[in-house]
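> Just so it is clear, I am handing over work-v4.cif, which has mmCIF, C-alpha atoms and all ligand atoms; chains and numbers go by the auth columns.
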data_run
#
loop_
_atom_site.group_PDB
_atom_site.id
_atom_site.type_symbol
_atom_site.label_atom_id
_atom_site.label_comp_id
_atom_site.label_asym_id
_atom_site.label_seq_id
_atom_site.Cartn_x
_atom_site.Cartn_y
_atom_site.Cartn_z
_atom_site.B_iso_or_equiv
_atom_site.auth_seq_id
_atom_site.auth_asym_id
ATOM 1 C CA MET A 1 128.272 73.189 112.000 0.00 1 A
ATOM 2 C CA PRO A 2 126.812 76.587 110.929 0.00 2 A
ATOM 3 C CA THR A 3 128.974 78.445 108.410 0.00 3 A
ATOM 4 C CA GLN A 4 130.018 81.230 110.745 0.00 4 A
ATOM 5 C CA ALA A 5 131.180 78.748 113.388 0.00 5 A
ATOM 6 C CA LEU A 6 133.123 76.829 110.750 0.00 6 A
ATOM 7 C CA ARG A 7 134.786 80.060 109.670 0.00 7 A
ATOM 8 C CA PHE A 8 135.805 80.866 113.275 0.00 8 A
ATOM 9 C CA ARG A 9 137.066 77.336 113.791 0.00 9 A
ATOM 10 C CA LYS A 10 139.407 77.662 110.804 0.00 10 A
ATOM 11 C CA LEU A 11 140.698 81.091 111.863 0.00 11 A
ATOM 12 C CA LEU A 12 141.295 79.969 115.444 0.00 12 A
ATOM 13 C CA THR A 13 143.492 77.016 114.445 0.00 13 A
ATOM 14 C CA LEU A 14 146.151 79.713 114.739 0.00 14 A
ATOM 15 C CA CYS A 15 145.823 79.871 118.531 0.00 15 A
ATOM 16 C CA ASN A 16 147.123 77.589 121.266 0.00 16 A
ATOM 17 C CA PHE A 17 144.209 77.302 123.690 0.00 17 A
ATOM 18 C CA ASP A 18 146.303 75.368 126.244 0.00 18 A
ATOM 19 C CA VAL A 19 147.790 78.606 127.519 0.00 19 A
ATOM 20 C CA ALA A 20 146.395 82.075 128.245 0.00 20 A
ATOM 21 C CA PHE A 21 146.736 84.555 125.383 0.00 21 A
ATOM 22 C CA SER A 22 145.651 87.976 124.164 0.00 22 A
ATOM 23 C CA LEU A 23 143.554 88.348 121.025 0.00 23 A
ATOM 24 C CA ASN A 24 142.643 91.298 118.801 0.00 24 A
ATOM 25 C CA ASP A 25 139.464 90.752 116.751 0.00 25 A
ATOM 26 C CA ILE A 26 139.525 93.293 113.906 0.00 26 A
ATOM 27 C CA GLY A 27 136.061 93.939 112.459 0.00 27 A
ATOM 28 C CA CYS A 28 134.480 92.225 115.467 0.00 28 A
ATOM 29 C CA GLY A 29 130.923 93.276 114.552 0.00 29 A
ATOM 30 C CA TYR A 30 128.591 92.583 117.491 0.00 30 A
ATOM 31 C CA GLY A 31 131.126 90.136 118.981 0.00 31 A
ATOM 32 C CA ALA A 32 130.043 86.809 117.470 0.00 32 A
ATOM 33 C CA LEU A 33 133.558 85.375 117.924 0.00 33 A
ATOM 34 C CA LEU A 34 133.080 85.588 121.697 0.00 34 A
ATOM 35 C CA ASP A 35 129.926 83.435 121.434 0.00 35 A
ATOM 36 C CA TYR A 36 131.927 80.833 119.534 0.00 36 A
ATOM 37 C CA ILE A 37 134.766 80.869 122.079 0.00 37 A
ATOM 38 C CA ALA A 38 132.350 80.600 125.010 0.00 38 A
ATOM 39 C CA LEU A 39 130.746 77.552 123.386 0.00 39 A
ATOM 40 C CA TYR A 40 133.773 75.687 122.056 0.00 40 A
ATOM 41 C CA HIS A 41 136.599 76.846 124.348 0.00 41 A
ATOM 42 C CA PRO A 42 134.856 77.520 127.672 0.00 42 A
ATOM 43 C CA GLN A 43 138.015 76.837 129.719 0.00 43 A
ATOM 44 C CA SER A 44 140.202 79.242 127.751 0.00 44 A
ATOM 45 C CA SER A 45 141.728 82.345 129.277 0.00 45 A
ATOM 46 C CA ILE A 46 141.742 85.105 126.678 0.00 46 A
ATOM 47 C CA ASP A 47 142.417 88.809 127.013 0.00 47 A
ATOM 48 C CA TYR A 48 140.100 89.926 124.178 0.00 48 A
ATOM 49 C CA LEU A 49 139.907 93.267 122.361 0.00 49 A
ATOM 50 C CA GLY A 50 137.234 93.673 119.672 0.00 50 A
ATOM 51 C CA ILE A 51 137.831 96.489 117.182 0.00 51 A
ATOM 52 C CA ASP A 52 135.232 97.772 114.736 0.00 52 A
ATOM 53 C CA VAL A 53 134.954 100.838 112.576 0.00 53 A
ATOM 54 C CA SER A 54 131.192 101.042 113.139 0.00 54 A
ATOM 55 C CA PRO A 55 130.062 102.837 116.326 0.00 55 A
ATOM 56 C CA ALA A 56 126.735 100.944 116.196 0.00 56 A
ATOM 57 C CA MET A 57 128.562 97.588 116.164 0.00 57 A
ATOM 58 C CA VAL A 58 130.794 98.577 119.076 0.00 58 A
ATOM 59 C CA ARG A 59 127.758 99.761 121.057 0.00 59 A
ATOM 60 C CA SER A 60 125.933 96.519 120.397 0.00 60 A
ATOM 61 C CA ALA A 61 129.019 94.410 121.240 0.00 61 A
ATOM 62 C CA ARG A 62 129.504 96.268 124.538 0.00 62 A
ATOM 63 C CA LYS A 63 125.864 95.674 125.453 0.00 63 A
ATOM 64 C CA ARG A 64 126.118 91.947 124.728 0.00 64 A
ATOM 65 C CA ARG A 65 129.442 91.239 126.417 0.00 65 A
ATOM 66 C CA SER A 66 131.744 92.991 128.792 0.00 66 A
ATOM 67 C CA GLY A 67 134.199 92.111 131.519 0.00 67 A
ATOM 68 C CA GLU A 68 137.698 92.706 132.730 0.00 68 A
ATOM 69 C CA LEU A 69 139.159 90.612 129.917 0.00 69 A
ATOM 70 C CA ILE A 70 136.672 91.719 127.237 0.00 70 A
ATOM 71 C CA GLN A 71 137.078 95.193 125.775 0.00 71 A
ATOM 72 C CA PHE A 72 135.960 96.950 122.600 0.00 72 A
ATOM 73 C CA HIS A 73 137.454 99.800 120.640 0.00 73 A
ATOM 74 C CA ARG A 74 136.063 101.843 117.757 0.00 74 A
ATOM 75 C CA GLY A 75 138.481 102.220 114.849 0.00 75 A
ATOM 76 C CA ARG A 76 140.240 100.492 111.979 0.00 76 A
ATOM 77 C CA GLU A 77 143.343 99.465 113.871 0.00 77 A
ATOM 78 C CA SER A 78 144.084 97.971 117.236 0.00 78 A
ATOM 79 C CA PRO A 79 145.538 100.400 119.777 0.00 79 A
ATOM 80 C CA ARG A 80 147.509 97.545 121.378 0.00 80 A
ATOM 81 C CA PRO A 81 149.660 94.581 120.347 0.00 81 A
ATOM 82 C CA ALA A 82 148.392 91.081 121.140 0.00 82 A
ATOM 83 C CA ASP A 83 149.593 87.499 120.821 0.00 83 A
ATOM 84 C CA TYR A 84 147.161 86.860 117.966 0.00 84 A
ATOM 85 C CA SER A 85 144.803 88.810 115.708 0.00 85 A
ATOM 86 C CA ILE A 86 141.810 87.581 113.738 0.00 86 A
ATOM 87 C CA ALA A 87 139.990 89.439 110.953 0.00 87 A
ATOM 88 C CA SER A 88 136.916 87.598 109.740 0.00 88 A
ATOM 89 C CA GLY A 89 134.927 88.808 106.757 0.00 89 A
ATOM 90 C CA ILE A 90 136.338 92.323 106.607 0.00 90 A
ATOM 91 C CA PHE A 91 137.869 92.169 103.116 0.00 91 A
ATOM 92 C CA ASN A 92 134.806 90.935 101.247 0.00 92 A
ATOM 93 C CA VAL A 93 132.446 93.881 100.767 0.00 93 A
ATOM 94 C CA MET A 94 134.220 96.554 98.743 0.00 94 A
ATOM 95 C CA LEU A 95 131.014 98.084 97.292 0.00 95 A
ATOM 96 C CA ASP A 96 131.945 100.433 94.427 0.00 96 A
ATOM 97 C CA GLN A 97 135.590 101.018 95.381 0.00 97 A
ATOM 98 C CA PRO A 98 138.087 100.424 92.573 0.00 98 A
ATOM 99 C CA ILE A 99 139.922 97.130 93.147 0.00 99 A
ATOM 100 C CA ALA A 100 143.330 98.878 93.320 0.00 100 A
ATOM 101 C CA VAL A 101 142.110 101.118 96.157 0.00 101 A
ATOM 102 C CA TRP A 102 140.554 98.177 97.996 0.00 102 A
ATOM 103 C CA GLU A 103 143.732 96.105 97.662 0.00 103 A
ATOM 104 C CA ARG A 104 145.792 98.989 99.059 0.00 104 A
ATOM 105 C CA LEU A 105 143.468 99.075 102.055 0.00 105 A
ATOM 106 C CA ILE A 106 143.912 95.315 102.518 0.00 106 A
ATOM 107 C CA GLU A 107 147.700 95.744 102.334 0.00 107 A
ATOM 108 C CA THR A 108 147.598 98.486 104.976 0.00 108 A
ATOM 109 C CA THR A 109 145.466 96.279 107.227 0.00 109 A
ATOM 110 C CA LEU A 110 147.793 93.283 106.783 0.00 110 A
ATOM 111 C CA LEU A 111 150.835 95.444 107.583 0.00 111 A
ATOM 112 C CA HIS A 112 149.145 96.604 110.755 0.00 112 A
ATOM 113 C CA LEU A 113 148.070 93.081 111.705 0.00 113 A
ATOM 114 C CA SER A 114 151.644 91.906 111.239 0.00 114 A
ATOM 115 C CA ALA A 115 153.033 94.745 113.367 0.00 115 A
ATOM 116 C CA THR A 116 150.582 94.140 116.235 0.00 116 A
ATOM 117 C CA SER A 117 150.459 90.305 116.390 0.00 117 A
ATOM 118 C CA ARG A 118 153.342 88.692 118.280 0.00 118 A
ATOM 119 C CA LYS A 119 152.492 85.071 117.422 0.00 119 A
ATOM 120 C CA GLY A 120 150.521 85.553 114.223 0.00 120 A
ATOM 121 C CA PHE A 121 147.240 86.527 112.644 0.00 121 A
ATOM 122 C CA ALA A 122 144.495 84.893 110.581 0.00 122 A
ATOM 123 C CA VAL A 123 142.306 86.389 107.845 0.00 123 A
ATOM 124 C CA ASN A 124 139.815 85.052 105.341 0.00 124 A
ATOM 125 C CA PHE A 125 138.861 85.922 101.764 0.00 125 A
ATOM 126 C CA VAL A 126 136.212 84.908 99.249 0.00 126 A
ATOM 127 C CA TYR A 127 137.629 82.882 96.357 0.00 127 A
ATOM 128 C CA GLN A 128 137.524 84.115 92.795 0.00 128 A
ATOM 129 C CA PRO A 129 134.560 82.588 90.941 0.00 129 A
ATOM 130 C CA ALA A 130 135.149 79.529 88.772 0.00 130 A
ATOM 131 C CA PRO A 131 135.659 80.219 85.040 0.00 131 A
ATOM 132 C CA GLY A 132 132.308 81.011 83.469 0.00 132 A
ATOM 133 C CA GLU A 133 130.764 82.184 86.749 0.00 133 A
ATOM 134 C CA SER A 134 130.497 85.839 87.691 0.00 134 A
ATOM 135 C CA ALA A 135 131.184 87.421 91.072 0.00 135 A
ATOM 136 C CA ARG A 136 128.436 89.199 92.999 0.00 136 A
ATOM 137 C CA SER A 137 128.685 92.919 92.388 0.00 137 A
ATOM 138 C CA GLY A 138 130.631 94.762 95.098 0.00 138 A
ATOM 139 C CA LEU A 139 132.222 91.578 96.428 0.00 139 A
ATOM 140 C CA TYR A 140 136.026 91.367 96.520 0.00 140 A
ATOM 141 C CA CYS A 141 137.131 87.933 95.297 0.00 141 A
ATOM 142 C CA ALA A 142 140.766 87.110 95.910 0.00 142 A
ATOM 143 C CA ASN A 143 143.456 85.035 94.296 0.00 143 A
ATOM 144 C CA PRO A 144 145.209 83.316 97.239 0.00 144 A
ATOM 145 C CA LEU A 145 148.629 83.567 95.591 0.00 145 A
ATOM 146 C CA ARG A 146 148.397 87.367 95.551 0.00 146 A
ATOM 147 C CA TRP A 147 148.022 87.495 99.333 0.00 147 A
ATOM 148 C CA ILE A 148 150.329 84.611 100.211 0.00 148 A
ATOM 149 C CA GLU A 149 153.066 86.339 98.235 0.00 149 A
ATOM 150 C CA PHE A 150 152.354 89.671 99.918 0.00 150 A
ATOM 151 C CA CYS A 151 152.591 88.119 103.388 0.00 151 A
ATOM 152 C CA GLU A 152 155.763 86.198 102.581 0.00 152 A
ATOM 153 C CA LYS A 153 157.618 88.922 100.693 0.00 153 A
ATOM 154 C CA ARG A 154 156.410 92.175 102.246 0.00 154 A
ATOM 155 C CA LEU A 155 155.762 90.962 105.783 0.00 155 A
ATOM 156 C CA GLY A 156 158.500 88.321 105.855 0.00 156 A
ATOM 157 C CA SER A 157 155.987 85.881 107.344 0.00 157 A
ATOM 158 C CA GLU A 158 155.245 82.182 107.028 0.00 158 A
ATOM 159 C CA VAL A 159 151.822 81.465 105.577 0.00 159 A
ATOM 160 C CA SER A 160 149.556 78.417 105.656 0.00 160 A
ATOM 161 C CA ILE A 161 146.362 78.268 103.655 0.00 161 A
ATOM 162 C CA ILE A 162 143.220 76.426 104.741 0.00 162 A
ATOM 163 C CA ASP A 163 140.536 75.780 102.151 0.00 163 A
ATOM 164 C CA GLY A 164 138.235 73.038 100.944 0.00 164 A
ATOM 165 C CA TYR A 165 135.998 73.349 104.000 0.00 165 A
ATOM 166 C CA GLY A 166 132.847 73.502 101.962 0.00 166 A
ATOM 167 C CA MET A 167 132.673 77.271 101.525 0.00 167 A
ATOM 168 C CA SER A 168 133.822 79.448 98.652 0.00 168 A
ATOM 169 C CA GLU A 169 136.493 81.044 100.766 0.00 169 A
ATOM 170 C CA PHE A 170 139.957 80.427 102.130 0.00 170 A
ATOM 171 C CA THR A 171 141.757 81.269 105.349 0.00 171 A
ATOM 172 C CA LEU A 172 145.360 82.372 105.701 0.00 172 A
ATOM 173 C CA LEU A 173 147.299 81.715 108.905 0.00 173 A
ATOM 174 C CA VAL A 174 150.232 84.118 108.991 0.00 174 A
ATOM 175 C CA ARG A 175 153.039 83.669 111.487 0.00 175 A
ATOM 176 C CA PRO A 176 156.309 85.521 111.966 0.00 176 A
ATOM 177 C CA SER A 177 159.073 83.763 110.092 0.00 177 A
ATOM 178 C CA ARG A 178 161.133 81.463 112.320 0.00 178 A
ATOM 179 C CA ASP A 179 164.263 83.059 110.798 0.00 179 A
ATOM 180 C CA ARG A 180 163.295 86.362 112.436 0.00 180 A
ATOM 181 C CA HIS A 181 162.734 84.883 115.891 0.00 181 A
ATOM 182 C CA ASP A 182 165.049 81.911 116.524 0.00 182 A
HETATM 183 C C1 LIG B . 130.916 90.971 107.762 0.00 1 B
HETATM 184 S S1 LIG B . 131.107 91.744 109.300 0.00 1 B
HETATM 185 C C2 LIG B . 131.963 90.454 110.181 0.00 1 B
HETATM 186 C C3 LIG B . 131.813 90.576 111.670 0.00 1 B
HETATM 187 C C4 LIG B . 132.569 89.497 112.466 0.00 1 B
HETATM 188 N N1 LIG B . 134.000 89.547 112.216 0.00 1 B
HETATM 189 C C5 LIG B . 132.039 88.130 112.148 0.00 1 B
HETATM 190 O O1 LIG B . 132.712 87.361 111.454 0.00 1 B
HETATM 191 O O2 LIG B . 130.903 87.851 112.596 0.00 1 B
HETATM 192 C C6 LIG B . 132.400 92.919 109.020 0.00 1 B
HETATM 193 C C7 LIG B . 132.596 93.891 110.181 0.00 1 B
HETATM 194 O O3 LIG B . 133.890 94.459 110.032 0.00 1 B
HETATM 195 C C8 LIG B . 133.827 95.869 110.222 0.00 1 B
HETATM 196 N N2 LIG B . 134.977 96.374 109.462 0.00 1 B
HETATM 197 C C9 LIG B . 135.190 96.274 108.125 0.00 1 B
HETATM 198 N N3 LIG B . 136.416 96.725 107.807 0.00 1 B
HETATM 199 C C10 LIG B . 137.012 97.082 108.977 0.00 1 B
HETATM 200 C C11 LIG B . 138.289 97.604 109.304 0.00 1 B
HETATM 201 N N4 LIG B . 139.208 97.836 108.368 0.00 1 B
HETATM 202 N N5 LIG B . 138.559 97.861 110.592 0.00 1 B
HETATM 203 C C12 LIG B . 137.646 97.628 111.556 0.00 1 B
HETATM 204 N N6 LIG B . 136.409 97.147 111.298 0.00 1 B
HETATM 205 C C13 LIG B . 136.097 96.860 110.033 0.00 1 B
HETATM 206 C C14 LIG B . 132.445 96.275 109.774 0.00 1 B
HETATM 207 O O4 LIG B . 131.999 97.444 110.419 0.00 1 B
HETATM 208 C C15 LIG B . 131.627 95.038 110.199 0.00 1 B
HETATM 209 O O5 LIG B . 131.120 95.184 111.508 0.00 1 B
#
Any chance you could put this one into structure tokens?
Ligand SMILES: C[S@@+](CC[C@H](N)C(=O)[O-])C[C@H]1O[C@@H](n2cnc3c(N)ncnc32)[C@H](O)[C@@H]1O


Amino acid sequence: MPTQALRFRKLLTLCNFDVAFSLNDIGCGYGALLDYIALYHPQSSIDYLGIDVSPAMVRSARKRRSGELIQFHRGRESPRPADYSIASGIFNVMLDQPIAVWERLIETTLLHLSATSRKGFAVNFVYQPAPGESARSGLYCANPLRWIEFCEKRLGSEVSIIDGYGMSEFTLLVRPSRDRHD
């Protein structure tokens, strides 16, 4: 399976495809997630909103896909709540930002994802390099514990980690704590 499809597969383990649901795709790019869903979940019924900060990406996504249940929005945050949210590959390229600034931006994004995702959200990060190896310049490499702890303590969520799928990254599935909802 190509790497991008594998990445989507891991993120989408969050969702129950047996029932209709709404989905926010933060940092949707040109809408590659929709290609994956059309191929692997053709029977699904999804009210999809793709959100991207880049006007060029939103333009290209709108040209490729549109429909009553497929919408796009330009911005950093979703204007609507949804059952689930996915953010794939948006925390990796920090360029020359100081790490503290970048991590604050990640925190703000996670807070927003938590506030706008009724059933949960999924995000991925690049792993820190192994001892002795150096990270590519401008790439944000994360310690999973840092973000698991943030989601548990600050968001009050339950977190599962998926890794070991043959890529130097990990995926977090973040769901509202059962204590808050039962
Ligand atoms: C590496 S691409 C990934 C695109 C798509 N998610 C995928 O996996 O194919 C990152 C995209 O996220 C967008 N982006 C990055 N940070 C964002 C943010 N905070 N809010 C919305 N879009 C963001 C960028 O403009 C870019 O189109």

> Name the residues in contact with range 48-57 of chain A at a cut-off of 8 Å, using all atoms listed in the file, excluding same-chain residues fewer than 2 positions from it; report them as a list of chain:residue names.

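In the requested format, the answer is A:Ser22, A:Leu23, A:Asn24, A:Asp25, A:Ile26, A:Gly27, A:Cys28, A:Gly29, A:Tyr30, A:Gly31, A:Ile46, A:Arg59, A:Ser60, A:Ala61, A:Leu69, A:Ile70, A:Gln71, A:Phe72, A:His73, A:Arg74, A:Gly75, A:Arg76, A:Glu77, A:Ser78.
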
> For CA of Ala32 in chain A and atom N1 of ligand LIG 1 (chain B), quote the distance in Å rounded to one decimal.

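Separation of CA of Ala32 in chain A and atom N1 of ligand LIG 1 (chain B): 7.1 Å.
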
> So, counting only C-alpha atoms, which residue among A:Glu103, A:Asp179, A:Asp163, A:Asp96 is closest to Trp147 in chain A?

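Ranked by minimum distance to Trp147 in chain A, first place goes to A:Glu103.
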
> Running the PyMOL selection byres (((chain A and resi 155) around 12) and not hetatm) on this model by hand, what would come out? Give it as a PyMOL selection string.

chain A and resi 107-115+117+120-121+147-154+156-159+174-177+180

> For range 35-38 of chain A, work out the shell of residues within 10 Å, counting all atoms listed in the file and skipping chain neighbours fewer than 6 positions away, then give it as a list in words.

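Residues meeting the cut-off are Gln4, Ala5, Leu6, Phe8, Arg9, Leu12, Ser44, Ile46, Arg64 and Arg65 of chain A.
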
> If we count all atoms listed in the file and set the cut-off at 7 Å, which residues sit around Leu172 in chain A, ignoring sequence neighbours fewer than 5 positions away in its own chain? Please answer as a ChimeraX atom specification.

/A:122-124,159-162

> Grab the atom C7 of ligand LIG 1 (chain B) to CA of Gly89 in chain A distance for me, in Å with one decimal place.

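Straight-line distance from atom C7 of ligand LIG 1 (chain B) to CA of Gly89 in chain A works out to 6.6 Å.
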
> By how many Å are atom C3 of ligand LIG 1 (chain B) and CA of Ile90 in chain A apart?

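According to the coordinates, atom C3 of ligand LIG 1 (chain B) and CA of Ile90 in chain A are separated by 7.0 Å.
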
> From the list A:Leu39, A:Leu95, A:Phe21, A:Ile106, which residue is nearest ligand LIG 1 (chain B) when using all atoms listed in the file?

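Nearest candidate to ligand LIG 1 (chain B) out of A:Leu39, A:Leu95, A:Phe21, A:Ile106: A:Ile106.
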
> Please define a box with edges along x, y and z of the file around all atoms of range 156-165 of chain A given in the file, extend it by 4 Å on each side, and return its centre and edge lengths in Å to one decimal, as lines of an AutoDock Vina configuration file.


center_x = 147.2
center_y = 80.7
center_z = 104.1
size_x = 30.5
size_y = 23.3
size_z = 14.4

> With all atoms listed in the file as the atoms that count, which of A:Phe91, A:Tyr84, A:Phe170, A:Trp102 lies nearest to Asn16 in chain A?

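So, comparing all the options, the nearest one is A:Tyr84.
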
> Which residue out of A:Arg118, A:Arg7, A:Arg104, A:Arg146 has the minimum interatomic distance to ligand LIG 1 (chain B) when only C-alpha atoms and all ligand atoms are used?

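Result for the nearest residue to ligand LIG 1 (chain B): A:Arg7.
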
> Using the chain letters and numbers from this file, what does the PyMOL selection byres (((chain A and resi 133-138) around 9) and not hetatm) select? Give the answer as number ranges by chain.

A: 92-97, 128-132, 139-141

> Take range 134-165 of chain A, bring it up to N, CA and C atoms, and give me the output as a short mmCIF file (atom, residue, chain, number, x, y, z; two decimals), keeping the file's coordinate frame.


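To be explicit, this is the file written out as part_24.cif:
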data_model
loop_
_atom_site.label_atom_id
_atom_site.label_comp_id
_atom_site.auth_asym_id
_atom_site.auth_seq_id
_atom_site.Cartn_x
_atom_site.Cartn_y
_atom_site.Cartn_z
N SER A 134 130.14 84.44 87.41
CA SER A 134 130.50 85.84 87.69
C SER A 134 130.35 86.14 89.18
N ALA A 135 131.20 87.07 89.65
CA ALA A 135 131.18 87.42 91.07
C ALA A 135 130.01 88.34 91.35
N ARG A 136 129.49 88.28 92.59
CA ARG A 136 128.44 89.20 93.00
C ARG A 136 129.00 90.61 92.98
N SER A 137 128.20 91.55 92.50
CA SER A 137 128.68 92.92 92.39
C SER A 137 129.06 93.47 93.77
N GLY A 138 130.20 94.16 93.84
CA GLY A 138 130.63 94.76 95.10
C GLY A 138 131.37 93.82 96.02
N LEU A 139 131.53 92.56 95.59
CA LEU A 139 132.22 91.58 96.43
C LEU A 139 133.67 91.46 95.96
N TYR A 140 134.62 91.53 96.89
CA TYR A 140 136.03 91.37 96.52
C TYR A 140 136.36 89.87 96.55
N CYS A 141 136.78 89.35 95.41
CA CYS A 141 137.13 87.93 95.30
C CYS A 141 138.63 87.84 95.06
N ALA A 142 139.31 87.06 95.89
CA ALA A 142 140.77 87.11 95.91
C ALA A 142 141.40 85.88 95.29
N ASN A 143 142.58 86.12 94.71
CA ASN A 143 143.46 85.04 94.30
C ASN A 143 144.40 84.77 95.48
N PRO A 144 144.39 83.56 96.05
CA PRO A 144 145.21 83.32 97.24
C PRO A 144 146.68 83.63 97.02
N LEU A 145 147.19 83.35 95.82
CA LEU A 145 148.63 83.57 95.59
C LEU A 145 149.02 85.02 95.80
N ARG A 146 148.13 85.92 95.40
CA ARG A 146 148.40 87.37 95.55
C ARG A 146 148.70 87.69 97.01
N TRP A 147 147.90 87.11 97.92
CA TRP A 147 148.02 87.50 99.33
C TRP A 147 149.05 86.65 100.07
N ILE A 148 149.25 85.42 99.62
CA ILE A 148 150.33 84.61 100.21
C ILE A 148 151.66 85.28 99.90
N GLU A 149 151.81 85.71 98.65
CA GLU A 149 153.07 86.34 98.24
C GLU A 149 153.29 87.65 99.00
N PHE A 150 152.22 88.42 99.17
CA PHE A 150 152.35 89.67 99.92
C PHE A 150 152.84 89.39 101.34
N CYS A 151 152.23 88.41 101.99
CA CYS A 151 152.59 88.12 103.39
C CYS A 151 154.01 87.57 103.48
N GLU A 152 154.40 86.76 102.52
CA GLU A 152 155.76 86.20 102.58
C GLU A 152 156.81 87.26 102.25
N LYS A 153 156.57 88.01 101.16
CA LYS A 153 157.62 88.92 100.69
C LYS A 153 157.62 90.26 101.43
N ARG A 154 156.45 90.85 101.61
CA ARG A 154 156.41 92.18 102.25
C ARG A 154 156.46 92.09 103.76
N LEU A 155 155.80 91.05 104.32
CA LEU A 155 155.76 90.96 105.78
C LEU A 155 156.85 90.04 106.32
N GLY A 156 157.47 89.27 105.42
CA GLY A 156 158.50 88.32 105.86
C GLY A 156 157.92 87.24 106.75
N SER A 157 156.68 86.83 106.48
CA SER A 157 155.99 85.88 107.34
C SER A 157 155.92 84.50 106.71
N GLU A 158 155.53 83.53 107.54
CA GLU A 158 155.24 82.18 107.03
C GLU A 158 153.73 82.03 106.94
N VAL A 159 153.27 81.49 105.82
CA VAL A 159 151.82 81.46 105.58
C VAL A 159 151.34 80.04 105.34
N SER A 160 150.24 79.67 105.99
CA SER A 160 149.56 78.42 105.66
C SER A 160 148.17 78.78 105.16
N ILE A 161 147.71 78.03 104.17
CA ILE A 161 146.36 78.27 103.66
C ILE A 161 145.46 77.11 104.08
N ILE A 162 144.24 77.45 104.47
CA ILE A 162 143.22 76.43 104.74
C ILE A 162 142.08 76.67 103.76
N ASP A 163 141.71 75.65 103.03
CA ASP A 163 140.54 75.78 102.15
C ASP A 163 139.87 74.41 102.03
N GLY A 164 138.91 74.32 101.12
CA GLY A 164 138.24 73.04 100.94
C GLY A 164 137.38 72.67 102.14
N TYR A 165 136.87 73.68 102.87
CA TYR A 165 136.00 73.35 104.00
C TYR A 165 134.53 73.60 103.68
#
